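J.: Got a file for you: query.tsv, TSV, C-alpha atoms.
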```
chain	number	residue	atom	x	y	z
X	1	MET	CA	49.92	27.76	104.61
X	2	ALA	CA	52.42	30.63	104.39
X	3	PRO	CA	51.21	33.93	105.87
X	4	LEU	CA	49.98	36.48	103.35
X	5	LYS	CA	52.37	39.17	102.27
X	6	ILE	CA	50.08	41.99	101.18
X	7	LEU	CA	50.93	44.92	98.90
X	8	LEU	CA	48.71	48.00	99.38
X	9	VAL	CA	48.57	50.29	96.35
X	10	ASP	CA	46.91	53.68	96.90
X	11	ASP	CA	48.01	57.26	96.26
X	12	SER	CA	46.28	58.47	99.44
X	13	PRO	CA	48.47	58.16	102.56
X	14	THR	CA	45.26	58.18	104.63
X	15	MET	CA	43.83	55.19	102.77
X	16	ARG	CA	47.10	53.28	102.98
X	17	ARG	CA	47.13	53.83	106.71
X	18	ILE	CA	43.46	52.91	107.21
X	19	LEU	CA	43.93	49.72	105.18
X	20	SER	CA	47.17	48.88	106.94
X	21	THR	CA	45.70	49.38	110.44
X	22	THR	CA	42.58	47.38	109.57
X	23	LEU	CA	44.63	44.54	108.04
X	24	LYS	CA	46.89	44.41	111.10
X	25	HIS	CA	43.82	44.21	113.29
X	26	LEU	CA	42.61	41.32	111.11
X	27	GLY	CA	45.89	39.56	111.77
X	28	TYR	CA	47.90	40.39	108.65
X	29	GLU	CA	51.26	41.76	109.73
X	30	ASP	CA	53.38	41.58	106.58
X	31	ILE	CA	52.25	44.60	104.61
X	32	GLY	CA	54.03	46.69	101.97
X	33	GLN	CA	52.87	49.94	100.38
X	34	ALA	CA	53.08	51.66	96.99
X	35	LYS	CA	51.78	55.07	95.82
X	36	ASN	CA	50.82	54.03	92.28
X	37	GLY	CA	50.87	51.17	89.79
X	38	ARG	CA	54.38	51.85	88.59
X	39	GLU	CA	55.83	51.73	92.09
X	40	ALA	CA	53.75	48.62	92.83
X	41	LEU	CA	55.14	46.76	89.79
X	42	SER	CA	58.64	47.62	90.91
X	43	LYS	CA	57.92	46.39	94.47
X	44	LEU	CA	56.44	43.13	93.16
X	45	HIS	CA	59.74	42.48	91.38
X	46	THR	CA	61.97	43.38	94.30
X	47	ASP	CA	59.99	42.35	97.42
X	48	GLY	CA	57.64	39.60	96.24
X	49	TYR	CA	54.00	39.60	97.46
X	50	SER	CA	51.28	37.00	97.67
X	51	PHE	CA	48.25	39.34	97.70
X	52	VAL	CA	47.52	42.78	96.23
X	53	ILE	CA	44.97	45.39	97.32
X	54	THR	CA	44.81	48.27	94.87
X	55	ASP	CA	42.97	51.54	94.30
X	56	TRP	CA	41.86	52.49	90.76
X	57	ASN	CA	42.44	56.26	90.41
X	58	MET	CA	46.10	57.02	90.91
X	59	PRO	CA	48.63	59.28	89.19
X	60	GLU	CA	51.43	57.95	86.93
X	61	MET	CA	49.86	54.48	86.57
X	62	ASP	CA	46.25	53.79	87.54
X	63	GLY	CA	45.05	50.60	89.18
X	64	LEU	CA	43.44	49.11	86.08
X	65	THR	CA	46.61	49.48	84.01
X	66	PHE	CA	48.60	48.05	86.90
X	67	VAL	CA	46.29	45.00	87.10
X	68	LYS	CA	46.53	44.41	83.33
X	69	MET	CA	50.33	44.69	83.40
X	70	MET	CA	50.54	42.44	86.44
X	71	LYS	CA	48.36	39.81	84.80
X	72	GLY	CA	50.52	40.05	81.69
X	73	GLU	CA	53.62	38.92	83.61
X	74	SER	CA	53.58	35.17	84.17
X	75	GLU	CA	55.31	35.31	87.56
X	76	PHE	CA	52.60	37.65	88.96
X	77	SER	CA	49.53	36.50	87.03
X	78	SER	CA	48.35	34.13	89.78
X	79	ILE	CA	48.61	36.67	92.63
X	80	PRO	CA	45.08	37.51	93.85
X	81	ILE	CA	43.95	41.13	93.47
X	82	LEU	CA	41.34	42.99	95.49
X	83	MET	CA	40.34	46.37	94.10
X	84	VAL	CA	39.24	49.03	96.61
X	85	THR	CA	37.91	52.15	94.92
X	86	THR	CA	35.22	54.84	94.86
X	87	ARG	CA	34.25	53.77	91.32
X	88	SER	CA	31.00	51.86	91.43
X	89	GLN	CA	29.62	52.13	87.90
X	90	GLN	CA	28.65	48.76	86.45
X	91	GLU	CA	30.91	49.21	83.42
X	92	ASP	CA	33.86	49.98	85.71
X	93	VAL	CA	33.29	46.81	87.70
X	94	LEU	CA	32.99	44.77	84.50
X	95	GLU	CA	36.19	46.29	83.16
X	96	ALA	CA	38.01	45.43	86.38
X	97	MET	CA	36.67	41.87	86.24
X	98	ARG	CA	37.84	41.49	82.64
X	99	ALA	CA	41.27	42.81	83.61
X	100	GLY	CA	41.59	40.03	86.18
X	101	VAL	CA	40.52	41.53	89.51
X	102	ASN	CA	39.41	38.76	91.91
X	103	ASN	CA	37.08	40.90	94.00
X	104	TYR	CA	35.96	44.50	94.36
X	105	ILE	CA	35.16	46.82	97.28
X	106	VAL	CA	33.54	50.26	97.05
X	107	LYS	CA	34.78	52.99	99.38
X	108	PRO	CA	33.86	53.76	102.07
X	109	PHE	CA	34.10	50.17	103.29
X	110	THR	CA	33.92	48.51	106.69
X	111	PRO	CA	36.60	46.27	108.22
X	112	GLN	CA	34.07	43.42	108.01
X	113	THR	CA	33.71	43.89	104.24
X	114	LEU	CA	37.49	43.89	103.83
X	115	LYS	CA	37.76	40.66	105.82
X	116	GLN	CA	34.91	39.02	103.89
X	117	LYS	CA	36.48	39.80	100.52
X	118	ILE	CA	39.95	38.63	101.52
X	119	ASP	CA	38.46	35.42	102.90
X	120	ALA	CA	36.39	34.95	99.74
X	121	ILE	CA	39.42	35.33	97.51
X	122	LEU	CA	41.55	33.01	99.63
X	123	GLY	CA	38.67	30.52	99.65
X	124	GLN	CA	38.65	30.53	95.83
X	125	LYS	CA	42.28	29.48	95.66
K	126	MET	CA	59.83	115.21	-4.84
K	127	THR	CA	59.17	115.05	-1.23
K	128	THR	CA	61.53	116.55	1.24
K	129	THR	CA	61.82	115.66	4.90
K	130	GLN	CA	60.79	118.54	7.15
K	131	ARG	CA	63.49	119.45	9.62
K	132	HIS	CA	63.85	121.65	12.71
K	133	SER	CA	66.25	124.58	12.67
K	134	ASP	CA	68.89	122.41	14.33
K	135	GLY	CA	68.61	119.91	11.47
K	136	THR	CA	66.75	117.15	13.36
K	137	PRO	CA	63.81	115.64	11.41
K	138	ALA	CA	60.31	116.81	12.35
K	139	THR	CA	57.89	114.24	13.85
K	140	GLU	CA	54.83	112.85	12.07
K	141	LEU	CA	52.48	115.12	14.05
K	142	GLU	CA	54.57	118.19	13.45
K	143	ASP	CA	54.45	117.23	9.86
K	144	CYS	CA	50.65	117.17	9.78
K	145	PRO	CA	49.78	120.93	9.23
K	146	SER	CA	51.86	121.09	6.08
K	147	LYS	CA	49.82	118.18	4.72
K	148	VAL	CA	46.55	119.95	5.62
K	149	GLU	CA	47.93	123.06	4.08
K	150	HIS	CA	47.87	121.36	0.70
K	151	ASP	CA	44.21	120.41	1.05
K	152	MET	CA	42.71	123.78	2.27
K	153	ASP	CA	42.72	127.34	1.04
K	154	PRO	CA	44.87	129.74	3.12
K	155	ASP	CA	41.90	131.83	4.39
K	156	GLY	CA	40.07	128.80	5.67
K	157	LEU	CA	43.25	127.59	7.25
K	158	LEU	CA	43.85	130.91	8.91
K	159	ASN	CA	40.32	130.96	10.29
K	160	ARG	CA	40.80	127.48	11.51
K	161	ILE	CA	44.06	128.41	13.22
K	162	GLN	CA	42.52	131.46	14.80
K	163	THR	CA	39.62	129.41	16.12
K	164	LEU	CA	42.05	126.87	17.52
K	165	GLN	CA	44.16	129.65	19.05
K	166	ALA	CA	41.09	131.12	20.69
K	167	LEU	CA	40.08	127.70	21.96
K	168	GLY	CA	43.61	127.10	23.22
K	169	ALA	CA	43.64	130.44	24.98
K	170	ARG	CA	40.27	129.65	26.60
K	171	ILE	CA	41.48	126.25	27.69
K	172	CYS	CA	44.68	127.80	29.01
K	173	ALA	CA	42.60	130.31	30.95
K	174	GLU	CA	40.20	127.66	32.29
K	175	VAL	CA	42.76	124.96	33.20
K	176	PRO	CA	44.11	126.79	36.25
K	177	GLN	CA	40.53	127.48	37.35
K	178	ALA	CA	39.58	123.84	36.85
K	179	HIS	CA	42.77	122.84	38.58
K	180	ALA	CA	41.98	125.16	41.43
K	181	GLU	CA	38.40	123.86	41.61
K	182	LEU	CA	39.63	120.27	41.66
K	183	GLY	CA	42.21	121.14	44.29
K	184	ARG	CA	39.57	122.84	46.38
K	185	LEU	CA	37.29	119.82	46.12
K	186	PHE	CA	40.15	117.46	46.92
K	187	SER	CA	41.24	119.66	49.74
K	188	GLN	CA	37.73	119.69	51.24
K	189	GLU	CA	37.41	115.91	50.91
K	190	LEU	CA	40.86	115.38	52.32
K	191	GLU	CA	40.08	117.66	55.20
K	192	GLY	CA	36.89	115.71	55.89
K	193	LEU	CA	38.79	112.46	55.61
K	194	ARG	CA	41.47	113.68	57.96
K	195	SER	CA	38.84	114.74	60.47
K	196	LEU	CA	37.23	111.31	60.28
K	197	THR	CA	40.63	109.62	60.65
K	198	ASP	CA	41.40	111.76	63.67
K	199	GLN	CA	38.06	110.87	65.23
K	200	ALA	CA	38.63	107.18	64.50
K	201	PHE	CA	42.15	107.44	65.91
K	202	ASP	CA	40.89	109.13	69.09
K	203	CYS	CA	38.19	106.50	69.42
K	204	LEU	CA	40.71	103.67	68.91
K	205	GLN	CA	43.06	105.22	71.44
K	206	GLY	CA	40.22	105.32	73.93
K	207	VAL	CA	39.37	101.70	73.24
K	208	ILE	CA	43.01	100.62	73.48
K	209	SER	CA	43.44	102.57	76.70
K	210	THR	CA	40.32	100.91	78.17
K	211	ILE	CA	41.52	97.46	77.08
K	212	ARG	CA	44.96	98.11	78.58
K	213	GLU	CA	43.46	99.28	81.84
K	214	GLN	CA	40.98	96.40	82.04
K	215	ARG	CA	43.63	93.90	81.01
K	216	SER	CA	46.00	94.96	83.77
K	217	GLN	CA	43.17	94.87	86.33
K	218	TRP	CA	42.02	91.52	84.95
K	219	GLU	CA	45.55	90.12	85.09
K	220	ILE	CA	45.87	91.15	88.71
K	221	ARG	CA	42.44	89.76	89.58
K	222	THR	CA	43.00	86.52	87.66
K	223	GLU	CA	46.44	85.84	89.05
K	224	GLY	CA	45.26	86.55	92.55
K	225	LEU	CA	42.11	84.52	92.15
K	226	ILE	CA	43.68	81.34	90.83
K	227	ALA	CA	46.57	81.52	93.27
K	228	ARG	CA	44.16	81.98	96.17
K	229	MET	CA	41.88	79.16	95.05
K	230	GLU	CA	44.83	76.83	94.59
K	231	LYS	CA	46.20	77.72	98.00
K	232	GLN	CA	42.83	77.24	99.69
K	233	LEU	CA	42.26	73.86	98.12
K	234	SER	CA	45.76	72.72	99.06
K	235	GLN	CA	45.12	73.88	102.61
K	236	VAL	CA	41.83	71.97	102.81
K	237	THR	CA	43.54	68.75	101.69
K	238	ALA	CA	46.49	69.30	104.03
K	239	ILE	CA	44.30	70.16	107.02
K	240	THR	CA	41.94	67.21	106.56
K	241	GLU	CA	44.87	64.88	105.99
K	242	THR	CA	46.64	66.06	109.13
K	243	ALA	CA	43.44	65.85	111.16
K	244	THR	CA	42.68	62.38	109.81
K	245	HIS	CA	46.13	61.13	110.72
K	246	GLN	CA	45.82	62.61	114.22
K	247	ILE	CA	42.54	60.76	114.67
K	248	LEU	CA	44.17	57.62	113.27
K	249	ASP	CA	46.98	57.98	115.83
K	250	ALA	CA	44.39	58.10	118.61
K	251	VAL	CA	42.38	55.20	117.17
K	252	GLU	CA	45.47	53.03	116.79
K	253	LYS	CA	46.49	53.72	120.41
K	254	LEU	CA	42.98	52.94	121.56
K	255	ILE	CA	42.84	49.69	119.60
K	256	SER	CA	46.25	48.69	120.91
K	257	MET	CA	45.25	49.40	124.54
K	258	GLN	CA	41.98	47.55	124.11
K	259	THR	CA	43.73	44.58	122.52
K	260	ASN	CA	46.23	44.33	125.40
K	261	THR	CA	43.57	44.75	128.08
K	262	SER	CA	41.28	42.26	126.39
K	263	ARG	CA	44.11	39.69	126.20
K	264	GLN	CA	44.94	40.15	129.88
K	265	MET	CA	41.30	39.91	130.89
K	266	THR	CA	40.83	36.74	128.81
K	267	GLU	CA	43.89	35.20	130.50
K	268	ILE	CA	42.54	36.03	133.95
K	269	LEU	CA	39.14	34.67	133.02
K	270	SER	CA	40.68	31.49	131.67
K	271	LEU	CA	42.73	30.95	134.84
K	272	VAL	CA	39.71	31.53	137.04
K	273	GLU	CA	37.47	29.28	134.95
K	274	GLN	CA	40.08	26.49	134.99
K	275	GLY	CA	40.29	26.80	138.74
K	276	THR	CA	44.02	27.48	138.67
K	277	GLU	CA	43.41	30.62	140.65
K	278	PRO	CA	41.11	30.43	143.72
K	279	VAL	CA	38.18	32.66	142.81
K	280	SER	CA	34.85	31.16	143.57
K	281	SER	CA	32.45	34.12	143.28
K	282	PRO	CA	30.06	33.65	140.32
K	283	ARG	CA	29.40	37.39	140.38
K	284	LEU	CA	33.09	38.10	139.86
K	285	LEU	CA	33.19	35.64	136.95
K	286	ASP	CA	30.19	37.31	135.34
K	287	SER	CA	31.79	40.72	135.78
K	288	LEU	CA	34.97	39.51	134.10
K	289	ARG	CA	33.01	38.03	131.18
K	290	GLY	CA	31.04	41.28	130.88
K	291	LEU	CA	34.23	43.32	130.82
K	292	VAL	CA	35.77	41.19	128.07
K	293	ALA	CA	32.59	41.54	125.99
K	294	GLU	CA	32.53	45.30	126.49
K	295	LEU	CA	36.16	45.63	125.51
K	296	GLU	CA	35.49	43.71	122.30
K	297	THR	CA	32.55	45.98	121.52
K	298	ALA	CA	34.68	49.06	122.21
K	299	GLN	CA	37.36	47.72	119.90
K	300	SER	CA	34.82	47.12	117.17
K	301	ASN	CA	33.54	50.68	117.63
K	302	ALA	CA	37.07	52.05	117.38
K	303	LEU	CA	37.56	50.18	114.14
K	304	GLN	CA	34.30	51.64	112.86
K	305	ILE	CA	36.00	55.06	112.99
K	306	MET	CA	38.15	53.79	110.11
K	307	ASP	CA	35.04	53.84	107.92
K	308	TYR	CA	34.38	57.46	108.74
K	309	LEU	CA	37.96	58.52	108.18
K	310	GLN	CA	37.75	57.39	104.58
K	311	PHE	CA	35.91	60.66	103.95
K	312	GLN	CA	39.34	62.30	103.73
K	313	ASP	CA	40.37	60.26	100.69
K	314	ILE	CA	37.02	60.87	99.02
K	315	ALA	CA	37.08	64.61	99.82
K	316	ALA	CA	40.64	64.77	98.49
K	317	GLN	CA	39.43	63.25	95.22
K	318	GLN	CA	36.68	65.85	95.02
K	319	ILE	CA	39.29	68.54	95.61
K	320	GLU	CA	41.42	67.00	92.85
K	321	GLN	CA	38.42	67.35	90.60
K	322	ALA	CA	38.18	71.02	91.57
K	323	TYR	CA	41.88	71.35	90.70
K	324	GLY	CA	41.09	69.86	87.30
K	325	LEU	CA	38.32	72.39	86.71
K	326	LEU	CA	40.61	75.21	87.82
K	327	GLY	CA	43.23	73.98	85.38
K	328	GLU	CA	40.70	74.15	82.54
K	329	THR	CA	39.66	77.64	83.66
K	330	GLU	CA	43.29	78.67	83.70
K	331	GLU	CA	43.82	77.40	80.14
K	332	ASN	CA	40.78	79.35	78.96
K	333	LEU	CA	41.97	82.52	80.71
K	334	VAL	CA	45.43	82.17	79.19
K	335	SER	CA	43.98	81.74	75.70
K	336	ILE	CA	41.86	84.89	76.20
K	337	ALA	CA	44.92	86.72	77.51
K	338	LEU	CA	46.95	85.68	74.50
K	339	THR	CA	44.46	87.37	72.19
K	340	PHE	CA	45.19	90.64	74.00
K	341	ARG	CA	48.93	90.22	74.17
K	342	PRO	CA	50.74	87.30	72.51
K	343	THR	CA	53.60	87.43	75.01
K	344	PHE	CA	51.25	87.33	78.00
K	345	GLN	CA	52.16	84.78	80.63
K	346	LEU	CA	49.82	84.05	83.50
K	347	ARG	CA	51.78	83.34	86.67
K	348	VAL	CA	50.14	80.29	88.12
K	349	GLU	CA	51.58	77.22	89.67
K	350	MET	CA	48.75	74.97	88.62
K	351	ALA	CA	50.18	74.09	85.22
K	352	ARG	CA	53.33	72.82	86.93
K	353	ARG	CA	51.37	70.95	89.55
K	354	GLN	CA	51.44	67.19	89.16
K	355	LYS	CA	48.03	65.97	88.13
K	356	SER	CA	46.67	63.36	90.45
K	357	GLY	CA	44.19	60.59	89.79
K	358	TYR	CA	40.62	61.02	90.95
K	359	ASP	CA	37.18	59.60	90.40
K	360	VAL	CA	34.73	62.21	89.07
K	361	ASN	CA	31.89	60.36	90.82
K	362	ALA	CA	33.63	60.04	94.17
K	363	GLU	CA	31.16	60.66	96.99
K	364	TYR	CA	31.11	59.97	100.68
K	365	ALA	CA	27.91	58.00	101.08
K	366	PRO	CA	27.05	54.60	102.52
K	367	ALA	CA	28.09	52.01	99.97
K	368	GLU	CA	26.17	48.95	101.17
K	369	GLU	CA	23.74	48.92	98.24
K	370	LYS	CA	26.46	49.48	95.67
K	371	GLN	CA	28.54	46.76	97.32
K	372	LYS	CA	25.63	44.30	97.13
K	373	GLN	CA	25.20	44.96	93.40
K	374	ILE	CA	28.93	44.45	92.82
K	375	ASP	CA	28.95	41.26	94.90
K	376	ALA	CA	26.11	39.95	92.74
K	377	MET	CA	28.19	40.61	89.61
K	378	PHE	CA	31.13	38.66	91.05
K	379	GLN	CA	28.89	35.76	92.05
K	380	LYS	CA	27.59	35.26	88.48
```
Write the structure described by the file as structure tokens, please.
T.:
Amino acid sequence: MAPLKILLVDDSPTMRRILSTTLKHLGYEDIGQAKNGREALSKLHTDGYSFVITDWNMPEMDGLTFVKMMKGESEFSSIPILMVTTRSQQEDVLEAMRAGVNNYIVKPFTPQTLKQKIDAILGQK
Amino acid sequence: MTTTQRHSDGTPATELEDCPSKVEHDMDPDGLLNRIQTLQALGARICAEVPQAHAELGRLFSQELEGLRSLTDQAFDCLQGVISTIREQRSQWEIRTEGLIARMEKQLSQVTAITETATHQILDAVEKLISMQTNTSRQMTEILSLVEQGTEPVSSPRLLDSLRGLVAELETAQSNALQIMDYLQFQDIAAQQIEQAYGLLGETEENLVSIALTFRPTFQLRVEMARRQKSGYDVNAEYAPAEEKQKQIDAMFQK
């Protein structure tokens, strides 16, 4: 199986770094970053990724819009998406599920939770 | 035969001017004379009284006008006082408002910048620590493996136990270092709360500007907030253990 190429989408440099460091520790070395949904869409086109971890609240294009747009493009619709956000309201989670998110983590999260969710998504495939 | 009455210059007399000559035909001269005398007397009386009435009216008007002018002056003085107070308060308010919003904006920016810098400094340290622990753990595991395989001549069971203990401790330390990552997420959550405060300040600013515009339509509040790029944030963002929330969400995904 080809190693995962993960795209991290978060407007917070701190969160991008925390996620990146944790993922590297978990053994994922090929990691790209984007500040918002718009930049992420552009990077999907130019760099190609096999897994996406995205925040919800971001300027310019939020995570939910990004997920919907990503799922609307046939070449990206099968890429798994893990949403990592502070939003924990039931309706938010349902909305994310309907948009096509494969799994969902509430901040603050532990490295173990991140690993479990990635494994769960990869196990679904 | 009727003749048209004319003035001395030959122009025809008007209908009204014509009237006494018609009356003249209907009344006797004595009665007419009496009538004219009465009218003359009345005319003289009116002529005598008109200036008095005029004067009386003028006096009354003059008094009223004087009173009105006094009231207008008082109102004008009062308005000037009010305007002066508004001007003074407005300029003080403008200074206070501009200073207040600018200070609040600066302070919030500083809080975000400081926490972000501090978080990244801690992250630097944590990453170094994790890297060192990973390298040491790998080396220790190699040594342990060589000893256990008997490649290297170490026969002391106590030494083997010590090595195993060290490897276990290093793994625990590494796990602890990673745990710091959880705590550092407070910065992102605090930043979102600060973004929310920015949002509230922006609303306050809009309200202040609208109030200011009622005072002076050309008023412009000098604030940088309106030009500041609005960032995304969650209004419910809080730094609190998320295990319970995560369990509920996991249950939704398992359905």
J.: So, counting all atoms listed in the file, which residue among X:Gln33, X:Thr14, X:Ser42, X:Ser78 is closest to chain K?
T.: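 Under the stated criterion, the closest residue is X:Thr14.
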J.: Which is closer to Pro108 of chain X than all the others in K:Thr240, K:Gln318, K:Gln304, K:Thr329, using all atoms listed in the file?
T.: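 Of K:Thr240, K:Gln318, K:Gln304, K:Thr329, the one nearest Pro108 of chain X is K:Gln304, counting all atoms listed in the file.
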J.: Please check the contacts: residues of chain X at most 10 Å away from chain K, using all atoms listed in the file, listed as a PyMOL selection string.
T.: chain X and resi 11-19+21-22+25+36+56-62+85-90+93-94+97+101-113+117
J.: For the residues in that selection, give me C-alpha atoms as a short mmCIF file (atom, residue, chain, number, x, y, z; two decimals), in the coordinates of the input.
T.:
```
data_model
loop_
_atom_site.label_atom_id
_atom_site.label_comp_id
_atom_site.auth_asym_id
_atom_site.auth_seq_id
_atom_site.Cartn_x
_atom_site.Cartn_y
_atom_site.Cartn_z
CA ASP X 11 48.01 57.26 96.26
CA SER X 12 46.28 58.47 99.44
CA PRO X 13 48.47 58.16 102.56
CA THR X 14 45.26 58.18 104.63
CA MET X 15 43.83 55.19 102.77
CA ARG X 16 47.10 53.28 102.98
CA ARG X 17 47.13 53.83 106.71
CA ILE X 18 43.46 52.91 107.21
CA LEU X 19 43.93 49.72 105.18
CA THR X 21 45.70 49.38 110.44
CA THR X 22 42.58 47.38 109.57
CA HIS X 25 43.82 44.21 113.29
CA ASN X 36 50.82 54.03 92.28
CA TRP X 56 41.86 52.49 90.76
CA ASN X 57 42.44 56.26 90.41
CA MET X 58 46.10 57.02 90.91
CA PRO X 59 48.63 59.28 89.19
CA GLU X 60 51.43 57.95 86.93
CA MET X 61 49.86 54.48 86.57
CA ASP X 62 46.25 53.79 87.54
CA THR X 85 37.91 52.15 94.92
CA THR X 86 35.22 54.84 94.86
CA ARG X 87 34.25 53.77 91.32
CA SER X 88 31.00 51.86 91.43
CA GLN X 89 29.62 52.13 87.90
CA GLN X 90 28.65 48.76 86.45
CA VAL X 93 33.29 46.81 87.70
CA LEU X 94 32.99 44.77 84.50
CA MET X 97 36.67 41.87 86.24
CA VAL X 101 40.52 41.53 89.51
CA ASN X 102 39.41 38.76 91.91
CA ASN X 103 37.08 40.90 94.00
CA TYR X 104 35.96 44.50 94.36
CA ILE X 105 35.16 46.82 97.28
CA VAL X 106 33.54 50.26 97.05
CA LYS X 107 34.78 52.99 99.38
CA PRO X 108 33.86 53.76 102.07
CA PHE X 109 34.10 50.17 103.29
CA THR X 110 33.92 48.51 106.69
CA PRO X 111 36.60 46.27 108.22
CA GLN X 112 34.07 43.42 108.01
CA THR X 113 33.71 43.89 104.24
CA LYS X 117 36.48 39.80 100.52
#
```
J.: Can you pull out every residue within 12 Å of Asp119 of chain X, counting all atoms listed in the file, but drop anything in the same chain fewer than 3 positions away, and send it as a list in words?
T.: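 Everything that qualifies: Leu4, Leu26, Phe51, Pro80, Leu82, Asn102, Asn103, Gln112, Thr113, Leu114, Lys115, Gln116, Leu122, Gly123, Gln124 and Lys125 of chain X.
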J.: State, in Å with one decimal place, the distance from atom CA of Leu196 of chain K to atom CA of Glu213 of chain K.
T.: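 Result for atom CA of Leu196 of chain K versus atom CA of Glu213 of chain K: 25.5 Å, one decimal.
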J.: From the options X:Asp47, X:Asp92, X:Asp55, X:Glu73, which residue's atoms come nearest to Ile31 of chain X, counting only C-alpha atoms?
T.: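 The answer is X:Asp47, which sits nearest to Ile31 of chain X.
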J.: Given the point (39.5, 73.2, 98.7) in the file's coordinates, find the residues that have an atom at most 10 Å from it, counting all atoms listed in the file, and give them as an NGL selection string.
T.: :K and (229-238 or 315-316 or 318-320 or 322-323)
J.: Save the residues we just selected, C-alpha atoms, as a PDB file, in the frame of the given file?
T.:
```
ATOM      1  CA  MET K 229      41.880  79.160  95.050  1.00  0.00           C
ATOM      2  CA  GLU K 230      44.830  76.830  94.590  1.00  0.00           C
ATOM      3  CA  LYS K 231      46.200  77.720  98.000  1.00  0.00           C
ATOM      4  CA  GLN K 232      42.830  77.240  99.690  1.00  0.00           C
ATOM      5  CA  LEU K 233      42.260  73.860  98.120  1.00  0.00           C
ATOM      6  CA  SER K 234      45.760  72.720  99.060  1.00  0.00           C
ATOM      7  CA  GLN K 235      45.120  73.880 102.610  1.00  0.00           C
ATOM      8  CA  VAL K 236      41.830  71.970 102.810  1.00  0.00           C
ATOM      9  CA  THR K 237      43.540  68.750 101.690  1.00  0.00           C
ATOM     10  CA  ALA K 238      46.490  69.300 104.030  1.00  0.00           C
ATOM     11  CA  ALA K 315      37.080  64.610  99.820  1.00  0.00           C
ATOM     12  CA  ALA K 316      40.640  64.770  98.490  1.00  0.00           C
ATOM     13  CA  GLN K 318      36.680  65.850  95.020  1.00  0.00           C
ATOM     14  CA  ILE K 319      39.290  68.540  95.610  1.00  0.00           C
ATOM     15  CA  GLU K 320      41.420  67.000  92.850  1.00  0.00           C
ATOM     16  CA  ALA K 322      38.180  71.020  91.570  1.00  0.00           C
ATOM     17  CA  TYR K 323      41.880  71.350  90.700  1.00  0.00           C
TER      18      TYR K 323
END
```
J.: For Met70 of chain X, list every protein, DNA or RNA residue within 9 Å, evaluated using all atoms listed in the file, and leave out those in the same chain fewer than 4 positions away; present the list as a list in words.
T.: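 Once the adjacent positions are removed, what remains is Leu41, Leu44, Thr65, Phe66, Ser74, Glu75, Phe76, Ser77 and Ile79 of chain X.
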J.: What does the distance from atom CA of Glu95 of chain X to atom CA of Leu64 of chain X come to in Å, to one decimal?
T.: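 Taking atom CA of Glu95 of chain X and atom CA of Leu64 of chain X, their separation equals 8.3 Å.
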J.: Atom CA of Ile81 of chain X to atom CA of Thr46 of chain X: how many Å, to one decimal?
T.: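 Atom CA of Ile81 of chain X sits 18.2 Å away from atom CA of Thr46 of chain X.
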J.: Given the choices K:Ala250, K:Glu267, K:Ser209, K:Leu185, which gets closest to Val292 of chain K if the distance is worked out from all atoms listed in the file?
T.: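 The answer is K:Glu267, which sits nearest to Val292 of chain K.
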J.: Set the distance at 12 Å and use only C-alpha atoms: which residues neighbour Arg263 of chain K once local chain neighbours fewer than 3 positions away are removed? I'd like the list as a ChimeraX atom specification.
T.: /K:256-260,266-270,291-293,295-296
